[in-house]
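**Q** Enclosed is the structure file work11.txt (compact mmCIF, C-alpha atoms).
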```
# COMPACT_ATOMS: atom_id res chain seq x y z
CA SER K 12 38.99 54.81 37.00
CA LEU K 13 36.58 52.03 36.13
CA ASN K 14 36.68 48.97 38.35
CA LYS K 15 36.89 46.22 35.74
CA THR K 16 36.45 43.37 38.21
CA GLY K 17 32.87 44.27 39.16
CA GLN K 18 33.88 44.57 42.78
CA LEU K 19 31.87 47.09 44.79
CA LYS K 20 33.20 49.47 47.39
CA VAL K 21 30.29 50.07 49.77
CA GLY K 22 30.12 52.66 52.54
CA PHE K 23 27.93 52.70 55.63
CA ASP K 24 27.08 55.46 58.07
CA ILE K 25 27.21 54.18 61.68
CA ASP K 26 24.61 55.79 63.95
CA ASP K 27 21.06 54.60 63.17
CA THR K 28 22.46 52.69 60.19
CA VAL K 29 24.82 50.07 61.64
CA LEU K 30 24.27 50.83 65.33
CA PHE K 31 21.11 51.75 67.21
CA SER K 32 23.02 54.17 69.42
CA ARG K 33 20.25 56.39 70.76
CA ASP K 34 20.83 55.34 74.37
CA ASN K 35 24.57 55.96 74.07
CA PHE K 36 23.92 59.54 72.97
CA LEU K 37 21.21 60.14 75.57
CA LYS K 38 23.53 59.01 78.38
CA ALA K 39 26.57 60.93 77.10
CA PRO K 40 27.82 63.88 79.19
CA HIS K 41 27.99 67.38 77.72
CA MET K 42 31.08 69.58 78.01
CA SER K 43 28.95 72.74 78.26
CA ASP K 44 25.33 73.89 78.10
CA ASP K 45 25.62 74.03 74.31
CA PRO K 46 23.69 71.01 72.96
CA ASP K 47 26.38 70.55 70.30
CA HIS K 48 29.11 70.13 72.93
CA LEU K 49 28.61 66.43 73.45
CA ASP K 50 31.55 64.50 74.89
CA TYR K 51 32.32 62.34 71.86
CA GLY K 52 35.36 60.89 73.56
CA TRP K 53 32.88 59.32 76.00
CA VAL K 54 30.43 58.33 73.24
CA ASN K 55 33.12 56.54 71.26
CA THR K 56 34.15 54.40 74.25
CA HIS K 57 30.65 53.42 75.39
CA ASP K 58 29.05 51.74 72.35
CA SER K 59 29.77 48.35 73.90
CA LEU K 60 27.56 49.29 76.86
CA HIS K 61 24.76 51.26 75.25
CA SER K 62 24.61 50.65 71.47
CA VAL K 63 23.01 47.70 69.68
CA ILE K 64 23.92 46.32 66.26
CA ILE K 65 21.15 46.62 63.64
CA GLU K 66 20.86 43.03 62.44
CA PRO K 67 19.48 43.49 58.88
CA ILE K 68 22.39 45.82 58.10
CA ALA K 69 24.87 43.40 59.69
CA GLU K 70 23.45 40.67 57.46
CA LEU K 71 23.75 42.91 54.40
CA ILE K 72 27.38 43.66 55.27
CA GLY K 73 28.02 39.93 55.66
CA LEU K 74 26.45 39.23 52.27
CA LEU K 75 28.50 41.91 50.54
CA ARG K 76 31.75 40.67 52.06
CA SER K 77 30.91 37.02 51.27
CA GLN K 78 30.80 38.02 47.60
CA GLY K 79 34.18 39.75 47.74
CA HIS K 80 33.02 43.36 47.95
CA GLU K 81 34.77 45.90 50.18
CA VAL K 82 32.96 47.57 53.10
CA TYR K 83 33.83 50.90 54.72
CA PHE K 84 32.32 52.95 57.56
CA ILE K 85 32.05 56.75 57.64
CA THR K 86 30.63 58.62 60.62
CA ALA K 87 30.12 62.29 61.41
CA ARG K 88 31.30 61.65 64.96
CA PRO K 89 34.62 63.32 65.83
CA GLY K 90 37.47 60.83 65.86
CA VAL K 91 38.61 61.14 69.50
CA ASN K 92 38.89 57.60 70.93
CA GLY K 93 37.75 56.33 67.53
CA GLU K 94 39.80 53.17 67.96
CA SER K 95 37.16 52.01 70.47
CA VAL K 96 34.45 52.27 67.81
CA GLY K 97 36.55 50.09 65.53
CA ARG K 98 37.04 47.47 68.24
CA HIS K 99 33.31 47.37 69.00
CA LEU K 100 32.34 47.00 65.34
CA THR K 101 35.02 44.34 64.92
CA ARG K 102 33.52 42.28 67.75
CA LYS K 103 29.98 42.64 66.44
CA LEU K 104 30.58 42.22 62.70
CA GLY K 105 33.34 39.62 62.82
CA PHE K 106 36.07 41.27 60.73
CA LYS K 107 38.80 43.77 61.51
CA ILE K 108 37.57 47.37 61.46
CA GLU K 109 40.24 49.96 62.12
CA LYS K 110 40.32 53.76 62.24
CA ASN K 111 41.73 55.33 59.07
CA GLU K 112 41.76 51.94 57.33
CA ASN K 113 38.11 51.08 56.80
CA LEU K 114 36.60 53.35 59.49
CA PHE K 115 36.64 57.10 58.97
CA PHE K 116 35.52 60.06 61.09
CA ALA K 117 34.19 63.05 59.11
CA PRO K 118 32.63 65.71 61.38
CA LYS K 119 30.53 68.46 59.81
CA SER K 120 32.25 71.68 58.79
CA LYS K 121 30.77 75.13 59.50
CA ASP K 122 30.78 77.65 56.67
CA ALA K 123 32.32 80.90 57.93
CA LYS K 124 30.11 83.12 55.78
CA THR K 125 26.69 81.51 56.14
CA GLY K 126 27.01 79.71 59.46
CA TYR K 127 25.56 76.55 57.93
CA LYS K 128 27.05 73.20 58.86
CA TYR K 129 27.82 70.95 55.91
CA THR K 130 28.71 67.29 55.74
CA THR K 131 32.28 66.34 54.85
CA LYS K 132 31.52 62.66 54.24
CA HIS K 133 31.59 63.20 50.47
CA GLU K 134 35.32 63.93 50.72
CA VAL K 135 35.96 60.48 52.22
CA ILE K 136 33.51 58.82 49.80
CA SER K 137 35.38 60.32 46.83
CA ARG K 138 38.82 59.51 48.23
CA LEU K 139 37.86 55.87 48.73
CA GLY K 140 36.11 55.61 45.37
CA LEU K 141 32.90 54.20 46.85
CA HIS K 142 30.03 53.08 44.62
CA ILE K 143 27.15 53.05 47.16
CA PHE K 144 26.64 54.75 50.51
CA TYR K 145 24.02 53.62 53.04
CA GLY K 146 22.83 56.08 55.68
CA ASP K 147 19.76 57.28 57.55
CA ALA K 148 20.29 61.04 57.61
CA ASP K 149 19.59 63.76 55.05
CA ASN K 150 23.30 64.61 55.11
CA ASP K 151 24.18 61.04 54.14
CA MET K 152 22.09 61.41 50.99
CA VAL K 153 23.61 64.84 50.32
CA ALA K 154 27.13 63.39 50.69
CA ALA K 155 26.34 60.62 48.21
CA CYS K 156 24.86 63.11 45.74
CA VAL K 157 27.84 65.48 45.97
CA ALA K 158 30.23 62.55 45.50
CA GLY K 159 28.18 61.41 42.49
CA ILE K 160 27.34 57.93 43.78
CA ARG K 161 24.23 55.98 44.74
CA GLY K 162 22.79 56.87 48.14
CA VAL K 163 20.52 54.37 49.89
CA ARG K 164 18.39 55.66 52.74
CA VAL K 165 18.14 53.35 55.74
CA VAL K 166 14.96 53.81 57.76
CA ARG K 167 15.74 55.41 61.12
CA ASP K 168 14.25 53.66 64.15
CA SER K 169 11.15 55.54 65.35
CA ARG K 170 12.68 55.84 68.85
CA SER K 171 15.63 57.70 67.34
CA VAL K 172 13.27 59.90 65.30
CA ASP K 173 11.59 60.93 68.55
CA ALA K 174 14.90 61.54 70.34
CA TYR K 175 16.80 63.10 67.41
CA SER K 176 14.31 64.28 64.80
CA LYS K 177 16.58 66.70 62.91
CA ASN K 178 18.51 65.79 59.76
CA TYR K 179 15.83 63.24 58.83
CA PHE K 180 13.39 64.40 56.15
CA GLY K 181 14.11 67.89 57.47
CA ASP K 182 12.62 67.43 60.93
CA LEU K 183 9.57 65.20 61.18
CA ARG K 184 8.74 66.38 64.70
CA SER K 185 8.88 70.12 63.96
CA ASP K 186 6.14 72.53 62.93
CA ASP K 187 5.81 73.10 59.18
CA GLN K 188 8.54 75.48 58.02
CA PRO K 189 10.97 75.69 55.07
CA ASN K 190 13.68 73.56 56.72
CA SER K 191 11.18 70.94 57.92
CA PRO K 192 8.46 70.68 55.26
CA TYR K 193 7.60 67.01 55.82
CA ASN K 194 5.29 65.61 58.47
CA GLU K 195 4.53 62.10 59.69
CA ALA K 196 1.98 61.52 56.92
CA ASP K 197 4.55 62.46 54.27
CA TYR K 198 7.08 60.17 55.93
CA GLN K 199 4.70 57.21 55.85
CA ARG K 200 4.00 57.92 52.18
CA PHE K 201 7.72 57.87 51.41
CA LEU K 202 8.05 54.55 53.21
CA THR K 203 5.11 53.07 51.32
CA GLN K 204 6.52 54.12 47.96
CA GLY K 205 10.02 52.96 48.81
CA VAL K 206 11.79 56.19 47.91
CA GLY K 207 12.90 59.21 49.88
CA PRO K 208 12.53 62.92 49.09
CA TYR K 209 15.76 62.89 47.06
CA GLY K 210 14.62 59.86 45.06
CA GLU K 211 16.90 57.49 46.95
CA THR K 212 16.03 53.88 47.69
CA ILE K 213 14.82 53.21 51.21
CA PHE K 214 16.17 50.08 52.90
CA PRO K 215 13.93 49.18 55.85
CA ILE K 216 15.63 48.04 59.03
CA VAL K 217 12.35 46.77 60.49
CA LEU K 218 10.06 44.85 58.18
CA PRO K 219 6.32 45.45 58.57
CA ALA K 220 4.39 42.76 60.44
CA PRO K 221 2.45 40.39 58.17
CA VAL K 222 -1.21 41.20 57.78
CA LYS K 223 -3.34 38.68 59.64
CA ALA K 224 -6.10 37.01 57.70
CA GLU K 225 -9.56 37.90 58.90
CA THR K 226 -11.40 35.23 60.83
CA PRO K 227 -14.41 34.03 58.82
CA LYS K 228 -17.68 35.13 60.34
CA ASP K 229 -20.30 32.53 61.22
```
Produce structure tokens that represent the structure in this file.

**A**
Amino acid sequence: SLNKTGQLKVGFDIDDTVLFSRDNFLKAPHMSDDPDHLDYGWVNTHDSLHSVIIEPIAELIGLLRSQGHEVYFITARPGVNGESVGRHLTRKLGFKIEKNENLFFAPKSKDAKTGYKYTTKHEVISRLGLHIFYGDADNDMVAACVAGIRGVRVVRDSRSVDAYSKNYFGDLRSDDQPNSPYNEADYQRFLTQGVGPYGETIFPIVLPAPVKAETPKD
């Protein structure tokens, strides 16, 4: 139904959107040799030690809330110990963030026939009736598209691109192949033009340094 008040419901991904959490993931123990078997119970309780708030996004969240809009968080992390994530975000952002209230955990789901892993964030986006979803990953943009809302790409920190290159413009650090067709030059072109490969707006988390004027020659 149409929101007649003009109030927005805005969603944010967490990792590399609200939190620079690369170090938290790099330090996290694994439950087996399978790279996917990360101990998310540990990850979710260690943001306060190893993750850093991304200030431009925190400022954007503050602006939205100051104008009466509602803010929600949706992460693909599993929800074990998710209350700790809510407490950390509450401390850093200055308003109450609580699991299953305005913080939701939506792990990927594996298709039994194809073996592909698909995002489930669109299910939460649709249930909440969001209007915009901010995220860094390809799957964030897919979730917004499937839910039929506006997706805004947040630029992933280059250190996170190096550590976790997948699910970001395919895979910028991989050899050219169908599931990673873009390279660093393509990425820089997307940044320059301000749109991503799905046509989404790109919101930079680090503004480019101002160009210094050339010193006049004698």

**Q** Per residue of region 91-142 of chain K within 10 Å of region 64-81 of chain K, which atom pair is closest and at what distance in Å (one decimal), using only C-alpha atoms, listed by chain and increasing number, as CSV?

**A**
```
residue,atom,partner,partner_atom,distance
K:His99,CA,K:Ile64,CA,9.8
K:Leu100,CA,K:Ile64,CA,8.5
K:Lys103,CA,K:Ile64,CA,7.1
K:Leu104,CA,K:Ala69,CA,6.6
K:Gly105,CA,K:Gly73,CA,8.9
K:Phe106,CA,K:Gly73,CA,9.6
K:Asn113,CA,K:Glu81,CA,9.0
K:Leu141,CA,K:Glu81,CA,9.1
```

**Q** Which residue is closest to Ser191 (chain K)? Choose from K:Tyr83, K:Arg102, K:Ser176, K:Glu134 and count only C-alpha atoms.

**A**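 That would be K:Ser176, the residue with the smallest distance to Ser191 (chain K).
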
**Q** Got a sec to check which residues sit within 12 Å of (18.2, 69.1, 60.6), counting all atoms listed in the file, and write them as a ChimeraX atom specification?

**A** /K:127-130,148-151,172,175-185,188-193

**Q** Take the selection from the previous step and output its residues with C-alpha atoms, as a CSV table (one decimal), keeping the file's coordinate frame.

**A**
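Output (part04.csv):
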```csv
chain,number,residue,atom,x,y,z
K,127,TYR,CA,25.6,76.6,57.9
K,128,LYS,CA,27.0,73.2,58.9
K,129,TYR,CA,27.8,71.0,55.9
K,130,THR,CA,28.7,67.3,55.7
K,148,ALA,CA,20.3,61.0,57.6
K,149,ASP,CA,19.6,63.8,55.0
K,150,ASN,CA,23.3,64.6,55.1
K,151,ASP,CA,24.2,61.0,54.1
K,172,VAL,CA,13.3,59.9,65.3
K,175,TYR,CA,16.8,63.1,67.4
K,176,SER,CA,14.3,64.3,64.8
K,177,LYS,CA,16.6,66.7,62.9
K,178,ASN,CA,18.5,65.8,59.8
K,179,TYR,CA,15.8,63.2,58.8
K,180,PHE,CA,13.4,64.4,56.2
K,181,GLY,CA,14.1,67.9,57.5
K,182,ASP,CA,12.6,67.4,60.9
K,183,LEU,CA,9.6,65.2,61.2
K,184,ARG,CA,8.7,66.4,64.7
K,185,SER,CA,8.9,70.1,64.0
K,188,GLN,CA,8.5,75.5,58.0
K,189,PRO,CA,11.0,75.7,55.1
K,190,ASN,CA,13.7,73.6,56.7
K,191,SER,CA,11.2,70.9,57.9
K,192,PRO,CA,8.5,70.7,55.3
K,193,TYR,CA,7.6,67.0,55.8
```

**Q** Just give me the gap between CA of His133 (chain K) and CA of Val54 (chain K) in Å, one decimal is fine.

**A**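 So the answer is 23.3 Å.
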
**Q** Just want the 12 Å neighbourhood of Gly162 (chain K), counted on only C-alpha atoms, with same-chain residues fewer than 3 positions away dropped. Output as a PyMOL selection string.

**A** chain K and resi 21-24+133+136+141-159+165+206-214

**Q** To one decimal place in Å, what is the distance between CA of Arg98 (chain K) and CA of Leu30 (chain K)?

**A**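 Between these atoms lies a distance of 13.5 Å.
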
**Q** Between K:Leu19, K:Ile216, K:Leu114, K:Val96, which is the closest to Trp53 (chain K) once you count all atoms listed in the file?

**A**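 Looking only at the distances to Trp53 (chain K), the closest residue turns out to be K:Val96.
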
**Q** Counting all atoms listed in the file, which of K:Ser32, K:Ser169, K:Ser43, K:Ser62 gets nearest to Glu195 (chain K)?

**A**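 Under the stated criterion, the closest residue is K:Ser169.
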
**Q** Quote the spacing between CA of Lys132 (chain K) and CA of Ile85 (chain K) in Å to one decimal place.

**A**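 Distance reported for this atom pair: 6.8 Å.
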
**Q** For Pro118 (chain K), which of K:Ser137, K:Thr86, K:Gln204, K:Ser95 is the closest residue, counting all atoms listed in the file?

**A**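 The closest residue to Pro118 (chain K) is K:Thr86.
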
**Q** Which one of K:Val63, K:Val91, K:Ile25, K:Val166 sits closest to Asp50 (chain K) if you count only C-alpha atoms?

**A**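 Checking each candidate against Asp50 (chain K), we get K:Val91 as the closest.
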
**Q** Each side padded by 5 Å, which centre and which edge lengths in Å (one decimal) define the axis-aligned box around the listed atoms of region 35-51 of chain K? Give them as AutoDock Vina command-line options.

**A**
```
--center_x 26.8 --center_y 65.0 --center_z 74.7 --size_x 21.1 --size_y 28.1 --size_z 18.9
```
